[in-house]
file query29.txt (compact mmCIF, C-alpha atoms and all ligand atoms)
# COMPACT_ATOMS: atom_id res chain seq x y z
CA MET X 734 -25.50 2.28 76.89
CA LYS X 735 -26.35 5.96 76.39
CA ARG X 736 -25.04 7.57 73.19
CA VAL X 737 -25.59 11.23 72.41
CA TYR X 738 -26.33 12.79 69.03
CA ASN X 739 -22.94 14.24 68.17
CA PHE X 740 -23.05 17.20 65.76
CA SER X 741 -19.29 17.78 65.90
CA ALA X 742 -17.61 19.18 62.78
CA GLY X 743 -14.69 16.78 63.14
CA PRO X 744 -13.62 14.38 64.40
CA SER X 745 -17.24 13.44 64.17
CA VAL X 746 -19.89 10.79 64.51
CA LEU X 747 -19.12 7.30 63.14
CA PRO X 748 -21.72 4.68 62.20
CA LEU X 749 -22.68 2.62 65.26
CA PRO X 750 -22.37 -0.73 63.41
CA VAL X 751 -18.79 0.23 62.49
CA LEU X 752 -17.87 1.00 66.09
CA GLU X 753 -19.49 -2.24 67.23
CA LYS X 754 -17.59 -4.27 64.65
CA ALA X 755 -14.30 -2.59 65.62
CA GLN X 756 -15.08 -3.31 69.26
CA LYS X 757 -15.86 -6.94 68.53
CA GLU X 758 -12.61 -7.32 66.60
CA LEU X 759 -10.48 -5.23 68.93
CA LEU X 760 -8.66 -8.15 70.55
CA ASN X 761 -8.91 -10.65 67.74
CA ALA X 762 -9.31 -9.28 64.24
CA ASN X 763 -10.60 -11.67 61.61
CA GLY X 764 -9.47 -14.69 63.65
CA HIS X 765 -5.79 -13.65 63.61
CA GLY X 766 -5.55 -13.58 67.41
CA MET X 767 -4.40 -9.95 67.52
CA SER X 768 -5.74 -6.46 67.12
CA VAL X 769 -5.32 -4.58 63.83
CA MET X 770 -3.24 -2.14 65.91
CA GLU X 771 -0.72 -4.91 66.60
CA MET X 772 -0.28 -6.12 63.01
CA SER X 773 2.73 -5.39 60.88
CA HIS X 774 1.70 -3.09 58.09
CA ARG X 775 3.55 -5.39 55.72
CA SER X 776 1.78 -8.54 56.88
CA GLY X 777 -0.72 -10.36 54.67
CA MET X 778 -3.34 -9.67 57.33
CA PHE X 779 -3.00 -5.93 56.93
CA THR X 780 -2.50 -6.07 53.17
CA ASP X 781 -5.98 -7.61 52.94
CA ILE X 782 -7.37 -4.63 54.87
CA ILE X 783 -5.75 -1.84 52.86
CA GLU X 784 -6.53 -3.58 49.57
CA GLU X 785 -10.19 -3.97 50.52
CA ALA X 786 -10.31 -0.31 51.62
CA GLU X 787 -8.96 0.83 48.27
CA LYS X 788 -11.22 -1.49 46.29
CA LEU X 789 -14.31 -0.30 48.15
CA LEU X 790 -13.42 3.38 47.80
CA ARG X 791 -12.86 2.90 44.07
CA GLU X 792 -16.29 1.26 43.78
CA LEU X 793 -18.04 3.87 45.92
CA MET X 794 -16.60 6.85 44.04
CA ASP X 795 -16.30 5.16 40.65
CA ILE X 796 -12.58 6.02 40.50
CA PRO X 797 -11.07 5.22 37.08
CA ASP X 798 -7.90 3.12 36.72
CA ASN X 799 -5.77 6.10 35.71
CA TYR X 800 -6.15 7.56 39.21
CA LYS X 801 -4.12 6.46 42.24
CA VAL X 802 -5.65 6.25 45.70
CA LEU X 803 -3.16 7.13 48.44
CA PHE X 804 -3.54 6.56 52.18
CA LEU X 805 -1.44 9.28 53.83
CA GLN X 806 -1.04 11.15 57.11
CA GLY X 807 -0.72 14.82 58.02
CA GLY X 808 -4.34 15.82 57.46
CA ALA X 809 -5.75 18.09 54.78
CA SER X 810 -3.37 20.74 56.14
CA THR X 811 -0.34 18.84 54.82
CA GLN X 812 -2.03 18.69 51.41
CA PHE X 813 -2.06 22.50 51.37
CA ALA X 814 1.72 22.19 50.84
CA MET X 815 1.90 18.87 49.00
CA VAL X 816 -0.36 20.10 46.21
CA PRO X 817 1.86 23.03 45.16
CA LEU X 818 5.10 21.10 45.82
CA ASN X 819 3.98 18.40 43.40
CA LEU X 820 1.90 20.32 40.89
CA PHE X 821 3.98 23.46 40.36
CA CYS X 822 5.86 21.89 37.47
CA ASN X 823 5.56 24.41 34.64
CA THR X 824 4.63 28.05 35.26
CA LYS X 825 4.44 27.73 39.06
CA LYS X 826 1.15 29.63 38.95
CA ALA X 827 -2.15 28.49 40.41
CA ASP X 828 -5.70 29.82 40.65
CA TYR X 829 -7.50 29.62 43.99
CA VAL X 830 -11.05 30.51 45.03
CA ASN X 831 -11.14 32.00 48.53
CA THR X 832 -14.17 30.60 50.32
CA GLY X 833 -12.91 30.68 53.90
CA VAL X 834 -10.29 29.76 56.45
CA TRP X 835 -9.28 26.46 54.80
CA SER X 836 -8.93 28.10 51.38
CA LYS X 837 -6.79 30.85 52.90
CA LYS X 838 -4.52 28.34 54.58
CA ALA X 839 -4.15 26.49 51.28
CA VAL X 840 -3.31 29.80 49.56
CA SER X 841 -0.68 30.77 52.10
CA GLU X 842 1.15 27.44 51.65
CA ALA X 843 1.02 27.66 47.85
CA LYS X 844 2.46 31.19 47.97
CA LYS X 845 5.66 29.78 49.46
CA TYR X 846 6.38 27.90 46.25
CA GLY X 847 4.84 29.95 43.45
CA GLU X 848 2.36 32.56 42.34
CA VAL X 849 -1.25 32.48 43.47
CA ASN X 850 -4.08 34.20 41.65
CA ILE X 851 -7.25 34.64 43.73
CA VAL X 852 -9.97 34.19 41.14
CA ALA X 853 -12.84 35.12 43.47
CA SER X 854 -13.58 35.54 47.16
CA SER X 855 -16.62 35.65 49.44
CA GLU X 856 -14.75 37.27 52.31
CA ASP X 857 -16.87 40.47 52.05
CA THR X 858 -19.78 38.78 53.88
CA THR X 859 -17.93 36.31 56.13
CA PHE X 860 -17.96 33.60 53.46
CA ASN X 861 -21.70 32.94 53.62
CA TYR X 862 -21.93 32.24 49.87
CA ILE X 863 -19.93 30.79 46.98
CA PRO X 864 -18.73 33.60 44.69
CA GLU X 865 -19.62 33.63 41.00
CA LEU X 866 -16.59 32.65 38.92
CA ASP X 867 -15.68 34.84 35.98
CA GLU X 868 -13.78 32.64 33.53
CA SER X 869 -11.98 35.65 32.08
CA LYS X 870 -10.13 35.87 35.40
CA PHE X 871 -8.80 32.29 35.18
CA SER X 872 -5.07 32.09 34.39
CA PRO X 873 -4.76 30.35 31.03
CA ASP X 874 -1.33 28.97 32.00
CA ALA X 875 -1.96 27.92 35.62
CA ASP X 876 -0.50 24.61 36.75
CA TYR X 877 -3.76 23.89 38.60
CA PHE X 878 -7.00 25.43 39.91
CA HIS X 879 -7.97 24.91 43.58
CA ILE X 880 -11.35 25.00 45.32
CA THR X 881 -12.57 24.01 48.78
CA LEU X 882 -15.57 21.92 47.78
CA ASN X 883 -17.49 22.18 51.06
CA ASN X 884 -16.69 24.91 53.55
CA THR X 885 -17.04 23.22 56.90
CA ILE X 886 -16.94 26.37 59.01
CA TYR X 887 -19.46 28.49 57.06
CA GLY X 888 -21.72 25.76 55.67
CA THR X 889 -21.34 26.51 51.97
CA ARG X 890 -20.63 24.15 49.09
CA PHE X 891 -19.90 24.37 45.40
CA SER X 892 -22.98 22.93 43.71
CA LYS X 893 -21.53 23.66 40.27
CA LEU X 894 -17.90 22.88 39.45
CA PRO X 895 -15.80 25.44 37.57
CA ASP X 896 -14.93 24.49 34.02
CA THR X 897 -11.15 24.71 33.98
CA GLY X 898 -10.61 23.00 30.63
CA ASP X 899 -7.23 21.27 30.53
CA ILE X 900 -6.07 22.82 33.79
CA PRO X 901 -6.30 20.24 36.58
CA LEU X 902 -9.03 21.00 39.11
CA VAL X 903 -7.80 20.28 42.64
CA THR X 904 -10.18 20.11 45.57
CA ASP X 905 -10.20 19.91 49.32
CA ALA X 906 -13.15 17.55 49.86
CA SER X 907 -12.49 16.92 53.55
CA SER X 908 -16.04 17.58 54.70
CA CYS X 909 -18.08 16.33 51.74
CA ILE X 910 -16.25 13.34 50.26
CA LEU X 911 -18.72 10.44 49.86
CA SER X 912 -21.68 12.66 50.85
CA GLN X 913 -22.97 13.04 47.29
CA VAL X 914 -21.99 11.83 43.85
CA TYR X 915 -18.99 13.73 42.49
CA PRO X 916 -17.56 12.82 39.08
CA VAL X 917 -13.91 12.01 39.85
CA THR X 918 -12.91 12.58 36.23
CA LYS X 919 -13.70 16.29 36.59
CA PHE X 920 -10.79 16.54 39.02
CA GLY X 921 -7.06 16.13 38.73
CA LEU X 922 -6.69 15.65 42.46
CA ILE X 923 -9.10 15.22 45.40
CA TYR X 924 -7.87 15.22 48.98
CA ALA X 925 -9.66 14.76 52.28
CA GLY X 926 -8.81 14.35 55.93
CA ALA X 927 -10.68 11.24 57.09
CA GLN X 928 -12.13 12.58 60.32
CA LYS X 929 -15.31 14.11 58.87
CA ASN X 930 -16.91 11.55 56.60
CA ILE X 931 -14.54 8.58 56.41
CA GLY X 932 -13.18 7.45 59.76
CA PRO X 933 -10.86 8.38 62.61
CA ALA X 934 -8.36 11.25 62.50
CA GLY X 935 -4.87 10.39 61.35
CA LEU X 936 -5.70 9.25 57.84
CA THR X 937 -5.72 11.47 54.75
CA ILE X 938 -7.04 10.22 51.42
CA VAL X 939 -5.59 11.49 48.14
CA ILE X 940 -7.10 10.56 44.77
CA ILE X 941 -4.76 11.74 42.03
CA ARG X 942 -4.66 11.38 38.25
CA GLU X 943 -1.50 9.51 37.30
CA ASP X 944 -0.10 12.13 34.93
CA LEU X 945 0.11 14.58 37.86
CA ILE X 946 2.56 12.31 39.69
CA GLY X 947 6.33 12.48 39.19
CA ASN X 948 6.92 16.19 38.55
CA ALA X 949 7.53 17.43 42.09
CA MET X 950 9.80 20.41 42.76
CA ASP X 951 13.44 19.40 43.33
CA PHE X 952 13.51 20.19 47.02
CA THR X 953 10.27 18.35 47.85
CA PRO X 954 10.83 16.15 50.91
CA THR X 955 10.51 12.46 50.12
CA MET X 956 7.49 12.07 52.39
CA LEU X 957 5.71 14.97 50.65
CA ASN X 958 6.18 13.59 47.16
CA TYR X 959 3.11 11.79 45.77
CA GLU X 960 5.44 9.60 43.72
CA THR X 961 6.93 8.12 46.89
CA HIS X 962 3.54 6.91 48.06
CA ALA X 963 2.18 5.98 44.63
CA ASN X 964 5.21 3.77 43.95
CA SER X 965 4.98 1.97 47.27
CA GLY X 966 1.25 1.37 47.58
CA SER X 967 1.08 3.85 50.49
CA MET X 968 3.65 1.66 52.30
CA TYR X 969 6.79 3.80 52.02
CA ASN X 970 6.64 4.08 55.78
CA THR X 971 4.11 2.87 58.33
CA PRO X 972 0.65 4.06 57.33
CA PRO X 973 -2.05 4.80 59.95
CA THR X 974 -3.14 1.17 60.07
CA PHE X 975 -6.02 1.30 62.54
CA ALA X 976 -7.53 4.38 60.89
CA ILE X 977 -7.36 2.62 57.51
CA TYR X 978 -9.10 -0.42 59.02
CA VAL X 979 -11.95 1.70 60.44
CA ALA X 980 -12.24 3.56 57.11
CA MET X 981 -12.56 0.16 55.41
CA LEU X 982 -15.41 -0.71 57.78
CA VAL X 983 -17.09 2.62 56.98
CA PHE X 984 -16.76 1.90 53.24
CA ARG X 985 -18.38 -1.53 53.76
CA TRP X 986 -21.19 0.12 55.73
CA LEU X 987 -21.76 2.69 52.99
CA LYS X 988 -21.75 0.05 50.26
CA ASP X 989 -24.32 -2.02 52.19
CA LEU X 990 -26.56 1.06 52.40
CA GLY X 991 -26.56 1.29 48.61
CA GLY X 992 -23.50 3.47 48.08
CA VAL X 993 -23.11 7.17 47.45
CA PRO X 994 -26.31 7.76 45.40
CA GLU X 995 -28.37 6.38 48.29
CA ILE X 996 -26.55 8.32 51.01
CA GLU X 997 -26.89 11.46 48.87
CA LYS X 998 -30.70 11.08 48.88
CA TYR X 999 -30.63 10.50 52.62
CA ASN X 1000 -28.34 13.51 53.17
CA ILE X 1001 -30.67 15.73 51.12
CA GLU X 1002 -33.63 14.58 53.26
CA LYS X 1003 -31.73 15.25 56.48
CA ALA X 1004 -30.50 18.69 55.42
CA SER X 1005 -33.92 19.69 54.01
CA LEU X 1006 -35.61 18.88 57.28
CA LEU X 1007 -33.29 21.26 59.09
CA TYR X 1008 -33.27 24.02 56.44
CA ASP X 1009 -37.07 23.91 56.09
CA TYR X 1010 -37.38 24.38 59.82
CA LEU X 1011 -34.89 27.29 59.76
CA ASP X 1012 -36.72 28.95 56.86
CA ASN X 1013 -40.01 28.83 58.76
CA SER X 1014 -38.74 29.67 62.22
CA LYS X 1015 -39.40 33.10 63.70
CA LEU X 1016 -36.50 32.74 66.11
CA PHE X 1017 -33.72 30.75 64.43
CA LYS X 1018 -32.06 31.95 61.25
CA GLY X 1019 -29.83 30.11 58.76
CA THR X 1020 -26.74 32.16 57.86
CA VAL X 1021 -26.00 30.90 54.32
CA VAL X 1022 -27.38 32.09 50.99
CA PRO X 1023 -29.90 29.30 50.14
CA LYS X 1024 -28.43 28.29 46.78
CA ASP X 1025 -25.02 27.58 48.32
CA ARG X 1026 -26.13 25.67 51.40
CA SER X 1027 -24.04 22.69 52.46
CA LEU X 1028 -25.57 19.25 52.94
CA MET X 1029 -23.08 18.52 55.70
CA ASN X 1030 -22.66 21.61 57.89
CA VAL X 1031 -25.66 23.72 58.81
CA PRO X 1032 -24.86 27.00 60.61
CA PHE X 1033 -27.61 29.05 62.25
CA VAL X 1034 -28.07 31.82 64.81
CA LEU X 1035 -30.49 33.14 67.40
CA PRO X 1036 -31.18 36.88 67.82
CA THR X 1037 -28.74 37.35 70.73
CA GLU X 1038 -25.45 35.91 71.89
CA GLU X 1039 -27.11 35.11 75.20
CA LEU X 1040 -29.75 32.95 73.49
CA ASN X 1041 -27.05 31.19 71.42
CA LYS X 1042 -25.25 30.22 74.62
CA LYS X 1043 -28.45 29.13 76.30
CA PHE X 1044 -29.42 26.99 73.32
CA ILE X 1045 -26.04 25.26 73.11
CA ARG X 1046 -26.12 24.55 76.85
CA GLU X 1047 -29.69 23.23 76.98
CA ALA X 1048 -29.25 21.17 73.81
CA ALA X 1049 -26.22 19.48 75.34
CA GLU X 1050 -28.26 18.67 78.44
CA ALA X 1051 -30.80 17.03 76.12
CA GLY X 1052 -28.10 14.83 74.52
CA LEU X 1053 -27.56 16.99 71.41
CA VAL X 1054 -23.89 17.87 71.66
CA ASN X 1055 -21.21 19.92 69.90
CA LEU X 1056 -23.60 22.44 68.38
CA ALA X 1057 -21.41 25.52 68.95
CA GLY X 1058 -20.28 27.22 65.75
CA HIS X 1059 -16.61 27.48 64.83
CA ARG X 1060 -14.75 29.86 67.13
CA SER X 1061 -14.19 32.26 64.22
CA VAL X 1062 -17.90 32.72 63.41
CA GLY X 1063 -19.86 31.95 66.61
CA GLY X 1064 -23.53 30.97 66.63
CA MET X 1065 -24.44 27.35 66.09
CA ARG X 1066 -23.48 24.71 63.56
CA ALA X 1067 -24.97 21.25 63.18
CA SER X 1068 -22.67 18.93 61.26
CA ILE X 1069 -24.80 16.16 59.82
CA TYR X 1070 -22.30 13.90 58.08
CA ASN X 1071 -23.16 10.53 56.51
CA ALA X 1072 -23.13 8.77 59.87
CA MET X 1073 -25.66 11.14 61.50
CA PRO X 1074 -28.98 9.28 61.45
CA MET X 1075 -32.24 10.98 60.44
CA GLU X 1076 -33.39 10.37 64.03
CA GLY X 1077 -30.62 12.73 65.22
CA VAL X 1078 -31.76 15.52 62.91
CA LYS X 1079 -35.39 14.95 63.92
CA ALA X 1080 -34.41 15.13 67.58
CA LEU X 1081 -32.58 18.41 66.92
CA VAL X 1082 -35.53 19.97 65.08
CA ARG X 1083 -37.93 18.85 67.84
CA PHE X 1084 -35.63 20.45 70.38
CA MET X 1085 -35.43 23.68 68.36
CA GLU X 1086 -39.24 23.82 68.13
CA LYS X 1087 -39.48 23.45 71.87
CA PHE X 1088 -36.81 26.09 72.43
CA GLU X 1089 -38.63 28.47 70.09
CA LEU X 1090 -41.89 28.06 72.04
CA GLU X 1091 -40.18 28.66 75.37
CA ASN X 1092 -38.16 31.69 74.25
C1 LIG C 1 -11.24 19.93 58.79
C2 LIG C 1 -10.82 20.53 57.50
C3 LIG C 1 -9.48 20.79 57.21
C4 LIG C 1 -8.36 20.54 58.19
O1 LIG C 1 -8.08 19.20 58.19
P1 LIG C 1 -6.86 18.59 59.04
O2 LIG C 1 -7.04 17.14 58.72
O3 LIG C 1 -7.12 18.92 60.47
O4 LIG C 1 -5.60 19.16 58.53
C5 LIG C 1 -9.18 21.31 55.97
N1 LIG C 1 -10.13 21.56 55.06
C6 LIG C 1 -11.44 21.31 55.30
C7 LIG C 1 -12.46 21.62 54.26
C8 LIG C 1 -11.81 20.80 56.53
O5 LIG C 1 -13.11 20.56 56.78

call {"tool": "encode", "arguments": {"input": "query29.txt", "output": "structure tokens", "more": "lines below"}}
Ligand SMILES: *Cc1c(COP(=O)(O)O)cnc(C)c1O
result
Amino acid sequence: MKRVYNFSAGPSVLPLPVLEKAQKELLNANGHGMSVMEMSHRSGMFTDIIEEAEKLLRELMDIPDNYKVLFLQGGASTQFAMVPLNLFCNTKKADYVNTGVWSKKAVSEAKKYGEVNIVASSEDTTFNYIPELDESKFSPDADYFHITLNNTIYGTRFSKLPDTGDIPLVTDASSCILSQVYPVTKFGLIYAGAQKNIGPAGLTIVIIREDLIGNAMDFTPTMLNYETHANSGSMYNTPPTFAIYVAMLVFRWLKDLGGVPEIEKYNIEKASLLYDYLDNSKLFKGTVVPKDRSLMNVPFVLPTEELNKKFIREAAEAGLVNLAGHRSVGGMRASIYNAMPMEGVKALVRFMEKFELEN
């Protein structure tokens, strides 16, 4: 069986042992004589799966008891609306940092329900850095403060969290959840679409401090109210059962590897290999300010658009696929999520060295 090295930004590579386990259990999961896809979400068989998924995620991220873990649908994009609908409960004001397309989309949803203050932006240079935050610009009476923790498209990440005091810090962690140790208690709410670092598309994880639940705006649709899902153990309606099952397998895989501190070390090694090569190359160039470089998404460029195209084409022929940058920025981007093995990054660097010699 030939598998490629898949550098896709999402949906993205999954751990091979997870896919093999899902394959093995596809027709007969855990001896039940049926696939997880065929189980009632209210059956004991499925309850075991969702409970194990939650337990493992709590262990992996060290999530305290006063936080709920919700298994939702609608992607991170639905959270752009759910966050303001549920958290605009006093002044209906929120602070946002604009670090790219996903931040902007979050801002435009929040503006429908309240007032948004853009604390800082890195739009002046196509979002290739994380802006310095001036605390005197924070709204002292905001209902929450929102950041995009890792900017998938541009390859930047917050390496230092803003100190928002008593104001709940909310983050879109879609492309960095579980990639490094983040202290959950620093956040009021963390949300992430699963398809980057957790599992298949269709599942969205929300980790929310309990005191932020139950104050939604009056007109909030039932399905968009965190209280609905918190009160029903994510079983108000049918959750994305198969995606939750695969996520559970990914959590088991990560725990067996030694958990988040271990994968963080591994991710630093992988990213360093690629960044070191970029820093020393005479042909390839990284596009992000070094101090703000992402561990997960590594964008880079060649001197001409023609060479970019040639590189992407020849890399794909060599089994290194999905290296084109996001359509809004061009160039190349290697997404090296938890499930990308070191061998994949080594193969990419070897290929880049060869390409550099030949061009
Ligand atoms: C991929 C991504 C999104 C969009 O997620 P959907 O699940 O497709 O809605 C939002 N934010 C970030 C940071 C992402 O990486």

call {"tool": "closest_atom_pairs", "arguments": {"input": "query29.txt", "of": "chain X", "to": "ligand LIG 1 (chain C)", "cutoff": "8 Å", "atoms": "only C-alpha atoms and all ligand atoms", "output": "tab-separated table"}}
result
residue	atom	partner	partner_atom	distance
X:Ala742	CA	C:LIG1	C1	7.6
X:Gly743	CA	C:LIG1	C1	6.4
X:Gly807	CA	C:LIG1	O4	6.6
X:Gly808	CA	C:LIG1	O2	3.3
X:Ala809	CA	C:LIG1	O4	3.9
X:Ser810	CA	C:LIG1	O4	3.6
X:Thr811	CA	C:LIG1	O4	6.4
X:Gln812	CA	C:LIG1	O4	8.0
X:Trp835	CA	C:LIG1	N1	5.0
X:Ser836	CA	C:LIG1	N1	7.6
X:Thr881	CA	C:LIG1	C7	6.0
X:Leu882	CA	C:LIG1	C7	7.2
X:Asn883	CA	C:LIG1	C7	6.0
X:Asn884	CA	C:LIG1	C7	5.4
X:Thr885	CA	C:LIG1	O5	4.7
X:Ile886	CA	C:LIG1	O5	7.3
X:Asp905	CA	C:LIG1	C7	5.7
X:Ala906	CA	C:LIG1	C7	6.0
X:Ser907	CA	C:LIG1	C7	4.8
X:Ser908	CA	C:LIG1	O5	4.7
X:Ala925	CA	C:LIG1	O2	7.3
X:Gly926	CA	C:LIG1	O2	4.3
X:Ala927	CA	C:LIG1	O2	7.1
X:Gln928	CA	C:LIG1	O2	7.0
X:Lys929	CA	C:LIG1	C1	7.1
X:Ala934	CA	C:LIG1	O2	7.1
X:Gly935	CA	C:LIG1	O2	7.6
X:Thr937	CA	C:LIG1	O2	7.0

call {"tool": "residues_around", "arguments": {"input": "query29.txt", "residues": "X:Ile977", "least_positions_apart": "2", "cutoff": "8 Å", "atoms": "all atoms listed in the file", "output": "list in words"}}
result
Ile782, Ile783, Ala786, Phe804, Gly932, Leu936, Pro973, Thr974, Phe975, Val979, Ala980 and Met981 of chain X

call {"tool": "closest_residue", "arguments": {"input": "query29.txt", "among": "X:Ser1005, X:Gln806, X:Thr824, X:Ser841", "to": "X:Ala976", "atoms": "only C-alpha atoms"}}
result
X:Gln806

call {"tool": "residues_around", "arguments": {"input": "query29.txt", "residues": "stretch 1055-1069 of chain X", "least_positions_apart": "2", "cutoff": "7 Å", "atoms": "only C-alpha atoms", "output": "PyMOL selection string"}}
result
chain X and resi 739-742+886+1029-1034+1041+1045+1071+1073

call {"tool": "closest_residue", "arguments": {"input": "query29.txt", "among": "X:Cys909, X:Val840, X:Val830, X:Leu902", "to": "X:Arg942", "atoms": "only C-alpha atoms"}}
result
X:Leu902

call {"tool": "closest_residue", "arguments": {"input": "query29.txt", "among": "X:Gly1077, X:Thr955, X:Glu943, X:Tyr829", "to": "X:Val903", "atoms": "all atoms listed in the file"}}
result
X:Tyr829

call {"tool": "residues_around", "arguments": {"input": "query29.txt", "residues": "X:Leu945", "least_positions_apart": "4", "cutoff": "12 Å", "atoms": "only C-alpha atoms", "output": "list in words"}}
result
Asn799, Tyr800, Lys801, Val816, Pro817, Leu818, Asn819, Leu820, Phe821, Cys822, Asn823, Asp876, Tyr877, Ile900, Pro901, Leu902, Val903, Phe920, Gly921, Leu922, Ile923, Ile940, Ile941, Ala949, Asn958, Tyr959, Glu960 and Ala963 of chain X

call {"tool": "closest_residue", "arguments": {"input": "query29.txt", "among": "X:Met968, X:Val917, X:Met734, X:Ala843", "to": "X:Ser773", "atoms": "only C-alpha atoms"}}
result
X:Met968

call {"tool": "atom_distance", "arguments": {"input": "query29.txt", "atom1": "atom CA of X:Lys893", "atom2": "atom CA of X:Pro864"}}
result
11.2 Å

call {"tool": "closest_residue", "arguments": {"input": "query29.txt", "among": "X:Ala1048, X:Met1075, X:Ile851, X:Leu982", "to": "X:Gln756", "atoms": "all atoms listed in the file"}}
result
X:Leu982

call {"tool": "residues_around", "arguments": {"input": "query29.txt", "residues": "X:Glu1086", "least_positions_apart": "6", "cutoff": "12 Å", "atoms": "only C-alpha atoms", "output": "list in words"}}
result
Leu1007, Tyr1010, Leu1011, Asn1013, Ser1014, Lys1015, Leu1016, Phe1017, Phe1044, Ala1048, Lys1079, Ala1080 and Asn1092 of chain X

call {"tool": "atom_distance", "arguments": {"input": "query29.txt", "atom1": "atom CA of X:Lys845", "atom2": "atom CA of X:Lys826"}}
result
11.4 Å

call {"tool": "closest_residue", "arguments": {"input": "query29.txt", "among": "X:Lys998, X:Lys757, X:Lys844, X:Lys788", "to": "X:Val914", "atoms": "all atoms listed in the file"}}
result
X:Lys998

call {"tool": "atom_distance", "arguments": {"input": "query29.txt", "atom1": "atom CA of X:Gly847", "atom2": "atom CA of X:Ser892"}}
result
28.7 Å

call {"tool": "decode", "arguments": {"input": "query29.txt", "residues": "stretch 845-856 of chain X", "atoms": "N, CA and C atoms", "output": "PDB file, in the first residue's frame"}}
result
ATOM      1  N   LYS X 845     -22.524  41.363  14.386  1.00  0.00           N
ATOM      2  CA  LYS X 845     -23.974  41.261  14.204  1.00  0.00           C
ATOM      3  C   LYS X 845     -24.719  41.372  15.522  1.00  0.00           C
ATOM      4  N   TYR X 846     -24.020  41.079  16.628  1.00  0.00           N
ATOM      5  CA  TYR X 846     -24.703  40.982  17.914  1.00  0.00           C
ATOM      6  C   TYR X 846     -24.226  41.999  18.942  1.00  0.00           C
ATOM      7  N   GLY X 847     -23.151  42.719  18.627  1.00  0.00           N
ATOM      8  CA  GLY X 847     -22.634  43.672  19.611  1.00  0.00           C
ATOM      9  C   GLY X 847     -21.524  44.509  19.021  1.00  0.00           C
ATOM     10  N   GLU X 848     -20.728  45.071  19.924  1.00  0.00           N
ATOM     11  CA  GLU X 848     -19.686  46.018  19.517  1.00  0.00           C
ATOM     12  C   GLU X 848     -18.329  45.327  19.579  1.00  0.00           C
ATOM     13  N   VAL X 849     -17.564  45.480  18.509  1.00  0.00           N
ATOM     14  CA  VAL X 849     -16.241  44.846  18.471  1.00  0.00           C
ATOM     15  C   VAL X 849     -15.157  45.917  18.464  1.00  0.00           C
ATOM     16  N   ASN X 850     -14.183  45.731  19.354  1.00  0.00           N
ATOM     17  CA  ASN X 850     -13.027  46.613  19.400  1.00  0.00           C
ATOM     18  C   ASN X 850     -11.818  45.815  18.893  1.00  0.00           C
ATOM     19  N   ILE X 851     -11.214  46.288  17.781  1.00  0.00           N
ATOM     20  CA  ILE X 851     -10.015  45.607  17.280  1.00  0.00           C
ATOM     21  C   ILE X 851      -8.812  46.159  18.046  1.00  0.00           C
ATOM     22  N   VAL X 852      -8.263  45.326  18.907  1.00  0.00           N
ATOM     23  CA  VAL X 852      -7.193  45.758  19.790  1.00  0.00           C
ATOM     24  C   VAL X 852      -5.888  45.950  19.026  1.00  0.00           C
ATOM     25  N   ALA X 853      -5.659  45.072  18.044  1.00  0.00           N
ATOM     26  CA  ALA X 853      -4.427  45.142  17.247  1.00  0.00           C
ATOM     27  C   ALA X 853      -4.637  44.315  15.990  1.00  0.00           C
ATOM     28  N   SER X 854      -3.808  44.617  14.966  1.00  0.00           N
ATOM     29  CA  SER X 854      -3.937  43.915  13.702  1.00  0.00           C
ATOM     30  C   SER X 854      -2.565  43.774  13.055  1.00  0.00           C
ATOM     31  N   SER X 855      -2.384  42.700  12.294  1.00  0.00           N
ATOM     32  CA  SER X 855      -1.129  42.554  11.531  1.00  0.00           C
ATOM     33  C   SER X 855      -1.417  42.547  10.032  1.00  0.00           C
ATOM     34  N   GLU X 856      -2.537  43.199   9.683  1.00  0.00           N
ATOM     35  CA  GLU X 856      -2.954  43.200   8.279  1.00  0.00           C
ATOM     36  C   GLU X 856      -1.977  43.981   7.386  1.00  0.00           C
TER      37      GLU X 856
END
